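First comes the structure, then the notes that go with it.
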Amino acid sequence: MISPTRTPTKRTIRDITNHQLDTPSRTPTKKQKLDDNIQISKPKAVTKLFQPLVAATSIYSRAKALFQRGYNFSNNTGDCLVSRDVEGKYLHEFISYSLKLNVCNNLYISGPPGTGKTEQVKLTMKRIVEPGFKIVNINCMTLNNPENIFHEIARDVFGNLHIGHKKMDSELFFKTLNKEQDELKSIIVVLDELDSLITRDQQVLFELFQASNINNSHNLKIKLIIIGISNTLDLTDKFLPRLIRNNLSPETLQFLPYTADQIKSIIISRLKSLVPASGDTFPIFHPSAIQLCSRKSASISGDLRKAFDICYKSIELVERNLPPFQTYTDFNSSEYPKVMIPHIAKVCTLSFDNNSISNLNLLQKALLCHLFNYQLENIGKGDLSVNSFYDYYRKQKDANNLLGILKIGEFIEIISALESSSCVVINDKSKKNSGAGNVGMGNKIIKLNVSYDDIVKSIEEIGLLKRVLKSCN
Ligand SMILES: Nc1ncnc2c1ncn2[C@@H]1O[C@H](COP(=O)(O)OP(=O)(O)OP(=O)(O)O)[C@@H](O)[C@H]1O
Ligand SMILES: [Mg+2]
C-alpha cells in the first residue's frame, strides 16, 4: 500500500484505480535508522555480500520509486519546484520581507489538489536563512478540535515543559507571544489543510488571521507569520469575505492546475535524476509517451499525482511484459524496453474506463445516484455547476444522515475521481464563452456519463443506495 501524503480516506478516494501501489515510503523508524548505521560499519567482507544486491536493483524499480506517492524527492537544489518559479519566488520574498522588517504577516495559499502547494512551502521553509525564527508545521486535519491549535503551536515553539499542563487557549497564547524571548523574534506557522479549522463561527481562524495581520505587529513582541494552505472553495467563499469585511485581507497566492507542458517538465526532471549528468536525454520513457501522459493528466485536472500514477502503472506494465528471467540494471544500455505510447494509452483506458463504475466506493456511487436524481428532477433546466450540485447534495438529508455530509473539498475530490474514471464529464464553461484559462472547479459544469442501467447494476447489493436512486421508469 502507498503512503498517502494526506489523510488516507481522502487520498484513497482519489486513486485512479482501485489498485494500491506497493511499498509505503515512510519516515524511517528508529529501528530502520539504526539498521542503516549498522550497515555502514559492516566489515568489508559482509559489505561485499550486499553490493551485488544493490547493484542489481532493476531500473524499473528505481524509476517506479520516483512516482510512488509519498516519495521524498530531495533533488531540488533551487528555491522553487520545477514549474513553480513564480509561486516559489513570491513565497520566499513574502517570508524574507516579513522577517527582515520584523512584522506579523499572513498569506493564504489556495489551489486544487496536487498542484505543489505543500511541497513548495516545504522547500521554501528549508531555504530561509534569516536568524531568530522558528517554524511550526501543522496539518490541521490532525487536530481533534480546531481550538487546540493554540496549544499545539505553543507546545511546538516553547516545549511541553515551558507551557505546563494547562491547555493553552487563544488568550493565553497571545499573552505568551507578548513576552520577550531573547533569541526568538518570529514564529512562522504553516497551517496545511486550513479548512479543517473552520468552526461554525469561524472564530479560531479569525483570531489567528487577526493577530497575524501586519497592522497588528506592534501588539506582539514575538511576531506571528501565518501561511495557510487550502484546496477547498469553502474557505475562499466563506472565510475570506469575513476577513476582507474586517479590513484584515491576507495576502493570497494561487496555485493553478499544472498545464501539460509543466507536467511534462516535471516528469522529465524526475527521470533525469536517475542518470545524473545526462544532458538532454532521460531514461525509461519515450518522449511521446510522456507527452501523452502529460496531456491526459492536464485534461483531467492538472493534478500531478494523477500523472505520477499513470507513469508508475505504465512502468509496471512494461516490467510485467519483460522476457522471463531478464533483469535490466543499466539505464545507459540501449536495449531495455521503454514506456511507449501504447502503455500509457492502456493504463489510461484501464484507469478511466466506464466499466470501472462497479469498482467505485460507496461515496462515489452515492454521488452518482444523486447526480442521476438531479438530472431526472430537472430535465430541460440547463447546465448544472459543481457548486450547485454540492448544494443539491447537501439537501439530501436521508442519505446524508447515514453516510455523513462531505465537506466541499472532499466532495470535489470525489467528483474528480469520478471524472478520472469517466463516470462524469466536467466541462470548463468559461472556455466556451471566452477562451479564457482556468476557472475554479466549483463553477465547472458536471454531467453524468454513465447510463441508468449501469448505476442500477453497480448498486445491486447496496440497499441504502437502492433507496436513494430514483426510478426513471
Ligand atoms: N513542481 C513539482 N515538481 C516535482 N514534484 C511535484 C511538483 N509539484 C508537486 N509535486 C509532487 O506532487 C505531489 C503532490 O504535491 P503537493 O502535496 O504539494 O500537492 P498539494 O497542492 O499540496 O495538494 P493537496 O491540495 O491535495 O494537499 C507530491 O508528491 C509532490 O512532491
Ligand atoms: Mg497539500
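So you can find residues: chains in the C-alpha cells are A, B, ... in the order shown, residues in each start at 1, and ligands are numbered from 1 in order.
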
Determine, counting only C-alpha atoms, which protein, DNA and RNA residues have an atom within 7 Å of an atom of region 260-265 of chain A; residues of the same chain fewer than 2 positions away are not included. Present the result as an mmCIF file with all heavy atoms, in the first residue's frame.
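result_12.cif, freshly written:
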data_model
loop_
_atom_site.group_PDB
_atom_site.id
_atom_site.type_symbol
_atom_site.label_atom_id
_atom_site.label_comp_id
_atom_site.auth_asym_id
_atom_site.auth_seq_id
_atom_site.Cartn_x
_atom_site.Cartn_y
_atom_site.Cartn_z
ATOM 1 N N SER A 83 8.561 24.343 -12.551
ATOM 2 C CA SER A 83 7.293 24.957 -12.979
ATOM 3 C C SER A 83 6.576 25.769 -11.902
ATOM 4 O O SER A 83 5.421 26.144 -12.063
ATOM 5 C CB SER A 83 6.297 23.917 -13.510
ATOM 6 O OG SER A 83 6.857 23.196 -14.553
ATOM 7 N N TYR A 258 -1.625 22.307 -13.014
ATOM 8 C CA TYR A 258 -0.490 22.229 -13.935
ATOM 9 C C TYR A 258 -0.980 22.069 -15.376
ATOM 10 O O TYR A 258 -1.945 21.343 -15.632
ATOM 11 C CB TYR A 258 0.395 21.028 -13.588
ATOM 12 C CG TYR A 258 1.261 21.244 -12.374
ATOM 13 C CD1 TYR A 258 1.135 20.424 -11.249
ATOM 14 C CD2 TYR A 258 2.227 22.241 -12.346
ATOM 15 C CE1 TYR A 258 1.942 20.602 -10.140
ATOM 16 C CE2 TYR A 258 3.035 22.429 -11.226
ATOM 17 C CZ TYR A 258 2.885 21.610 -10.132
ATOM 18 O OH TYR A 258 3.680 21.798 -9.029
ATOM 19 N N ILE A 267 7.969 15.621 -15.000
ATOM 20 C CA ILE A 267 8.266 14.191 -15.166
ATOM 21 C C ILE A 267 9.699 14.020 -15.685
ATOM 22 O O ILE A 267 10.468 13.194 -15.178
ATOM 23 C CB ILE A 267 7.261 13.530 -16.146
ATOM 24 C CG1 ILE A 267 5.859 13.556 -15.543
ATOM 25 C CG2 ILE A 267 7.673 12.090 -16.460
ATOM 26 C CD1 ILE A 267 4.776 13.022 -16.459
ATOM 27 N N ILE A 268 10.044 14.826 -16.674
ATOM 28 C CA ILE A 268 11.388 14.686 -17.252
ATOM 29 C C ILE A 268 12.461 14.996 -16.200
ATOM 30 O O ILE A 268 13.457 14.290 -16.079
ATOM 31 C CB ILE A 268 11.543 15.605 -18.495
ATOM 32 C CG1 ILE A 268 10.670 15.055 -19.625
ATOM 33 C CG2 ILE A 268 12.994 15.702 -18.941
ATOM 34 C CD1 ILE A 268 10.671 15.869 -20.905
ATOM 35 N N SER A 269 12.206 16.019 -15.381
ATOM 36 C CA SER A 269 13.238 16.348 -14.392
ATOM 37 C C SER A 269 13.389 15.209 -13.384
ATOM 38 O O SER A 269 14.479 14.925 -12.911
ATOM 39 C CB SER A 269 12.954 17.686 -13.722
ATOM 40 O OG SER A 269 12.192 17.508 -12.578
ATOM 41 N N ILE A 290 5.631 10.441 -22.688
ATOM 42 C CA ILE A 290 5.499 11.487 -21.647
ATOM 43 C C ILE A 290 4.513 12.550 -22.108
ATOM 44 O O ILE A 290 3.674 13.033 -21.342
ATOM 45 C CB ILE A 290 6.865 12.138 -21.360
ATOM 46 C CG1 ILE A 290 7.799 11.087 -20.784
ATOM 47 C CG2 ILE A 290 6.714 13.320 -20.398
ATOM 48 C CD1 ILE A 290 9.128 11.625 -20.331
ATOM 49 N N GLN A 291 4.610 12.870 -23.392
ATOM 50 C CA GLN A 291 3.707 13.872 -23.958
ATOM 51 C C GLN A 291 2.244 13.457 -23.748
ATOM 52 O O GLN A 291 1.421 14.250 -23.278
ATOM 53 C CB GLN A 291 4.012 13.959 -25.472
ATOM 54 C CG GLN A 291 3.291 15.051 -26.209
ATOM 55 C CD GLN A 291 4.058 16.354 -26.107
ATOM 56 O OE1 GLN A 291 5.272 16.329 -25.896
ATOM 57 N NE2 GLN A 291 3.359 17.460 -26.197
ATOM 58 N N SER A 294 1.215 13.561 -20.066
ATOM 59 C CA SER A 294 1.055 14.935 -19.582
ATOM 60 C C SER A 294 -0.253 15.533 -20.082
ATOM 61 O O SER A 294 -0.989 16.177 -19.329
ATOM 62 C CB SER A 294 2.207 15.824 -20.060
ATOM 63 O OG SER A 294 3.424 15.203 -19.804
ATOM 64 N N ARG A 295 -0.523 15.291 -21.359
ATOM 65 C CA ARG A 295 -1.751 15.877 -21.928
ATOM 66 C C ARG A 295 -2.987 15.288 -21.254
ATOM 67 O O ARG A 295 -3.929 15.991 -20.909
ATOM 68 C CB ARG A 295 -1.799 15.633 -23.434
ATOM 69 C CG ARG A 295 -1.289 16.855 -24.165
ATOM 70 C CD ARG A 295 -1.795 16.908 -25.582
ATOM 71 N NE ARG A 295 -0.721 16.453 -26.441
ATOM 72 C CZ ARG A 295 -0.832 15.549 -27.382
ATOM 73 N NH1 ARG A 295 -1.984 14.981 -27.637
ATOM 74 N NH2 ARG A 295 0.194 15.198 -28.114
ATOM 75 N N ALA A 298 -3.285 16.588 -17.635
ATOM 76 C CA ALA A 298 -3.656 18.015 -17.590
ATOM 77 C C ALA A 298 -5.126 18.167 -17.947
ATOM 78 O O ALA A 298 -5.828 19.002 -17.376
ATOM 79 C CB ALA A 298 -2.792 18.819 -18.547
ATOM 80 N N LEU A 304 -0.877 16.626 -10.313
ATOM 81 C CA LEU A 304 0.351 15.900 -10.628
ATOM 82 C C LEU A 304 0.305 14.458 -10.129
ATOM 83 O O LEU A 304 0.927 13.568 -10.713
ATOM 84 C CB LEU A 304 1.536 16.633 -9.989
ATOM 85 C CG LEU A 304 2.880 16.302 -10.550
ATOM 86 C CD1 LEU A 304 2.974 16.629 -12.025
ATOM 87 C CD2 LEU A 304 3.962 17.054 -9.799
#

Considering only C-alpha atoms and all ligand atoms, tabulate each residue of chain A that lies at most 12 Å from ligand 2 along with its nearest interatomic pair and the corresponding distance in Å to one decimal; arrange the rows by chain and ascending residue number and present them as CSV.
residue,atom,partner,partner_atom_place_in_ligand_line,distance
A:Pro4,CA,ligand 2,1 (Mg),10.7
A:Thr5,CA,ligand 2,1 (Mg),7.6
A:Arg6,CA,ligand 2,1 (Mg),7.2
A:Thr7,CA,ligand 2,1 (Mg),10.4
A:Lys10,CA,ligand 2,1 (Mg),11.7
A:Arg11,CA,ligand 2,1 (Mg),10.9
A:Gly70,CA,ligand 2,1 (Mg),11.4
A:Ile109,CA,ligand 2,1 (Mg),10.2
A:Ser110,CA,ligand 2,1 (Mg),9.7
A:Gly111,CA,ligand 2,1 (Mg),9.3
A:Pro112,CA,ligand 2,1 (Mg),9.1
A:Pro113,CA,ligand 2,1 (Mg),6.9
A:Gly114,CA,ligand 2,1 (Mg),7.0
A:Thr115,CA,ligand 2,1 (Mg),8.1
A:Gly116,CA,ligand 2,1 (Mg),7.0
A:Lys117,CA,ligand 2,1 (Mg),5.6
A:Thr118,CA,ligand 2,1 (Mg),4.2
A:Glu119,CA,ligand 2,1 (Mg),7.2
A:Gln120,CA,ligand 2,1 (Mg),9.5
A:Val121,CA,ligand 2,1 (Mg),9.3
A:Lys122,CA,ligand 2,1 (Mg),10.1
A:Ile138,CA,ligand 2,1 (Mg),11.5
A:Asn139,CA,ligand 2,1 (Mg),9.1
A:Cys140,CA,ligand 2,1 (Mg),11.1
A:Met141,CA,ligand 2,1 (Mg),11.1
A:Val190,CA,ligand 2,1 (Mg),11.2
A:Leu191,CA,ligand 2,1 (Mg),10.2
A:Asp192,CA,ligand 2,1 (Mg),6.5
A:Glu193,CA,ligand 2,1 (Mg),6.8
A:Leu194,CA,ligand 2,1 (Mg),10.0
A:Asp195,CA,ligand 2,1 (Mg),11.7
A:Gly228,CA,ligand 2,1 (Mg),10.7
A:Ile229,CA,ligand 2,1 (Mg),7.3
A:Ser230,CA,ligand 2,1 (Mg),7.4
A:Asn231,CA,ligand 2,1 (Mg),7.8
A:Thr232,CA,ligand 2,1 (Mg),11.2
A:Phe255,CA,ligand 2,1 (Mg),11.0
A:Asp303,CA,ligand 2,1 (Mg),11.3
A:Leu304,CA,ligand 2,1 (Mg),11.7
A:Arg305,CA,ligand 2,1 (Mg),11.2

Quick one: residues within 8 Å of Ile414 (chain A), only C-alpha atoms, excluding same-chain residues fewer than 2 positions away - as number ranges by chain? A: 13-14, 363-364, 410-412, 416-418

Rounded to one decimal, what separation in Å do you get between CA of Glu87 (chain A) and atom 26 (O, counted along the ligand's line) of ligand 1? 16.7 Å

Counting only C-alpha atoms and all ligand atoms, the residue among A:Lys381, A:Lys395, A:Arg270, A:His218 that lies closest to ligand 1 is A:Arg270

From a backbone DSSP assignment, name each residue in region 249-366 of chain A labelled alpha helix (DSSP H), as a PyMOL selection string. chain A and resi 260-272+287-300+304-320+341-351+362-366

Quick one: write out the picked residues with C-alpha atoms as a PDB file, in the first residue's frame?
ATOM      1  CA  ALA A 260       0.526  19.673 -19.968  1.00  0.00           C
ATOM      2  CA  ASP A 261       3.880  21.367 -20.622  1.00  0.00           C
ATOM      3  CA  GLN A 262       4.529  21.868 -16.929  1.00  0.00           C
ATOM      4  CA  ILE A 263       3.675  18.254 -16.135  1.00  0.00           C
ATOM      5  CA  LYS A 264       6.000  17.137 -18.901  1.00  0.00           C
ATOM      6  CA  SER A 265       8.898  19.198 -17.486  1.00  0.00           C
ATOM      7  CA  ILE A 266       8.325  17.821 -14.006  1.00  0.00           C
ATOM      8  CA  ILE A 267       8.266  14.191 -15.166  1.00  0.00           C
ATOM      9  CA  ILE A 268      11.388  14.686 -17.252  1.00  0.00           C
ATOM     10  CA  SER A 269      13.238  16.348 -14.392  1.00  0.00           C
ATOM     11  CA  ARG A 270      12.415  13.397 -12.135  1.00  0.00           C
ATOM     12  CA  LEU A 271      13.579  10.903 -14.759  1.00  0.00           C
ATOM     13  CA  LYS A 272      16.806  12.800 -15.279  1.00  0.00           C
ATOM     14  CA  PRO A 287       9.339  11.297 -25.258  1.00  0.00           C
ATOM     15  CA  SER A 288       5.984  10.835 -26.988  1.00  0.00           C
ATOM     16  CA  ALA A 289       4.782   8.665 -24.091  1.00  0.00           C
ATOM     17  CA  ILE A 290       5.499  11.487 -21.647  1.00  0.00           C
ATOM     18  CA  GLN A 291       3.707  13.872 -23.958  1.00  0.00           C
ATOM     19  CA  LEU A 292       0.573  11.727 -23.940  1.00  0.00           C
ATOM     20  CA  CYS A 293       0.670  11.192 -20.188  1.00  0.00           C
ATOM     21  CA  SER A 294       1.055  14.935 -19.582  1.00  0.00           C
ATOM     22  CA  ARG A 295      -1.751  15.877 -21.928  1.00  0.00           C
ATOM     23  CA  LYS A 296      -4.074  13.280 -20.469  1.00  0.00           C
ATOM     24  CA  SER A 297      -3.480  14.286 -16.846  1.00  0.00           C
ATOM     25  CA  ALA A 298      -3.656  18.015 -17.590  1.00  0.00           C
ATOM     26  CA  SER A 299      -7.003  17.478 -19.274  1.00  0.00           C
ATOM     27  CA  ILE A 300      -8.364  15.612 -16.275  1.00  0.00           C
ATOM     28  CA  LEU A 304       0.351  15.900 -10.628  1.00  0.00           C
ATOM     29  CA  ARG A 305      -0.481  12.866  -8.534  1.00  0.00           C
ATOM     30  CA  LYS A 306      -2.576  11.541 -11.421  1.00  0.00           C
ATOM     31  CA  ALA A 307       0.297  11.998 -13.859  1.00  0.00           C
ATOM     32  CA  PHE A 308       2.612  10.193 -11.450  1.00  0.00           C
ATOM     33  CA  ASP A 309       0.108   7.357 -11.042  1.00  0.00           C
ATOM     34  CA  ILE A 310      -0.032   6.914 -14.819  1.00  0.00           C
ATOM     35  CA  CYS A 311       3.778   6.871 -15.015  1.00  0.00           C
ATOM     36  CA  TYR A 312       4.011   4.337 -12.209  1.00  0.00           C
ATOM     37  CA  LYS A 313       1.476   1.993 -13.723  1.00  0.00           C
ATOM     38  CA  SER A 314       2.972   2.291 -17.204  1.00  0.00           C
ATOM     39  CA  ILE A 315       6.410   1.314 -15.948  1.00  0.00           C
ATOM     40  CA  GLU A 316       4.794  -1.579 -14.126  1.00  0.00           C
ATOM     41  CA  LEU A 317       3.150  -2.645 -17.376  1.00  0.00           C
ATOM     42  CA  VAL A 318       6.465  -2.681 -19.245  1.00  0.00           C
ATOM     43  CA  GLU A 319       8.053  -4.569 -16.360  1.00  0.00           C
ATOM     44  CA  ARG A 320       5.310  -7.195 -16.402  1.00  0.00           C
ATOM     45  CA  ILE A 341       2.514   5.455 -26.202  1.00  0.00           C
ATOM     46  CA  PRO A 342       0.507   2.170 -26.151  1.00  0.00           C
ATOM     47  CA  HIS A 343       1.489   1.565 -22.496  1.00  0.00           C
ATOM     48  CA  ILE A 344       0.249   4.993 -21.456  1.00  0.00           C
ATOM     49  CA  ALA A 345      -2.884   4.572 -23.559  1.00  0.00           C
ATOM     50  CA  LYS A 346      -3.616   1.203 -21.994  1.00  0.00           C
ATOM     51  CA  VAL A 347      -3.131   2.476 -18.445  1.00  0.00           C
ATOM     52  CA  CYS A 348      -5.390   5.439 -19.164  1.00  0.00           C
ATOM     53  CA  THR A 349      -8.083   3.222 -20.663  1.00  0.00           C
ATOM     54  CA  LEU A 350      -7.961   0.861 -17.698  1.00  0.00           C
ATOM     55  CA  SER A 351      -7.957   3.682 -15.203  1.00  0.00           C
ATOM     56  CA  LEU A 362     -19.758   3.786  -1.617  1.00  0.00           C
ATOM     57  CA  LEU A 363     -19.473   7.570  -1.556  1.00  0.00           C
ATOM     58  CA  GLN A 364     -18.604   7.744  -5.220  1.00  0.00           C
ATOM     59  CA  LYS A 365     -21.624   5.603  -6.088  1.00  0.00           C
ATOM     60  CA  ALA A 366     -23.788   7.733  -3.793  1.00  0.00           C
TER      61      ALA A 366
END

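Here the question is which of A:Cys472, A:Ile187, A:Leu81, A:Leu360 gets nearest to ligand 1 using only C-alpha atoms and all ligand atoms, and that residue is A:Leu81.
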
Counting only C-alpha atoms, give me one row per residue of region 212-298 of chain A with an atom at most 12 Å from an atom of region 125-137 of chain A, showing the shortest contact pair and its distance in Å to one decimal, sorted by chain then residue number, as a Markdown table.
| residue | atom | partner | partner_atom | distance |
| --- | --- | --- | --- | --- |
| A:Ile222 | CA | A:Phe133 | CA | 9.2 |
| A:Lys223 | CA | A:Phe133 | CA | 9.1 |
| A:Leu224 | CA | A:Phe133 | CA | 9.9 |
| A:Ile225 | CA | A:Ile135 | CA | 9.4 |
| A:Ile226 | CA | A:Val136 | CA | 9.7 |
| A:Ile227 | CA | A:Asn137 | CA | 9.6 |
| A:Gly228 | CA | A:Asn137 | CA | 10.4 |
| A:Ile229 | CA | A:Asn137 | CA | 11.2 |

Please produce a file of the residues just selected, as a short mmCIF file (atom, residue, chain, number, x, y, z; two decimals), in the first residue's frame, where the atoms kept are N, CA and C atoms.
data_model
loop_
_atom_site.label_atom_id
_atom_site.label_comp_id
_atom_site.auth_asym_id
_atom_site.auth_seq_id
_atom_site.Cartn_x
_atom_site.Cartn_y
_atom_site.Cartn_z
N ILE A 222 6.72 38.73 20.03
CA ILE A 222 7.19 37.69 19.09
C ILE A 222 6.22 37.72 17.92
N LYS A 223 6.74 38.03 16.74
CA LYS A 223 5.85 38.24 15.58
C LYS A 223 5.31 36.90 15.08
N LEU A 224 4.05 36.95 14.66
CA LEU A 224 3.40 35.73 14.17
C LEU A 224 3.21 35.82 12.66
N ILE A 225 3.77 34.85 11.94
CA ILE A 225 3.59 34.82 10.48
C ILE A 225 2.84 33.54 10.14
N ILE A 226 1.67 33.70 9.55
CA ILE A 226 0.85 32.51 9.25
C ILE A 226 0.81 32.26 7.76
N ILE A 227 1.09 31.01 7.39
CA ILE A 227 0.93 30.60 5.99
C ILE A 227 -0.17 29.54 5.99
N GLY A 228 -1.33 29.88 5.49
CA GLY A 228 -2.44 28.92 5.47
C GLY A 228 -2.56 28.30 4.09
N ILE A 229 -2.74 26.98 4.04
CA ILE A 229 -2.86 26.29 2.75
C ILE A 229 -4.20 25.55 2.70
#

Just how far from CA of Ser170 (chain A) is CA of His151 (chain A), in Å to one decimal?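 Interatomic distance here is 8.2 Å.
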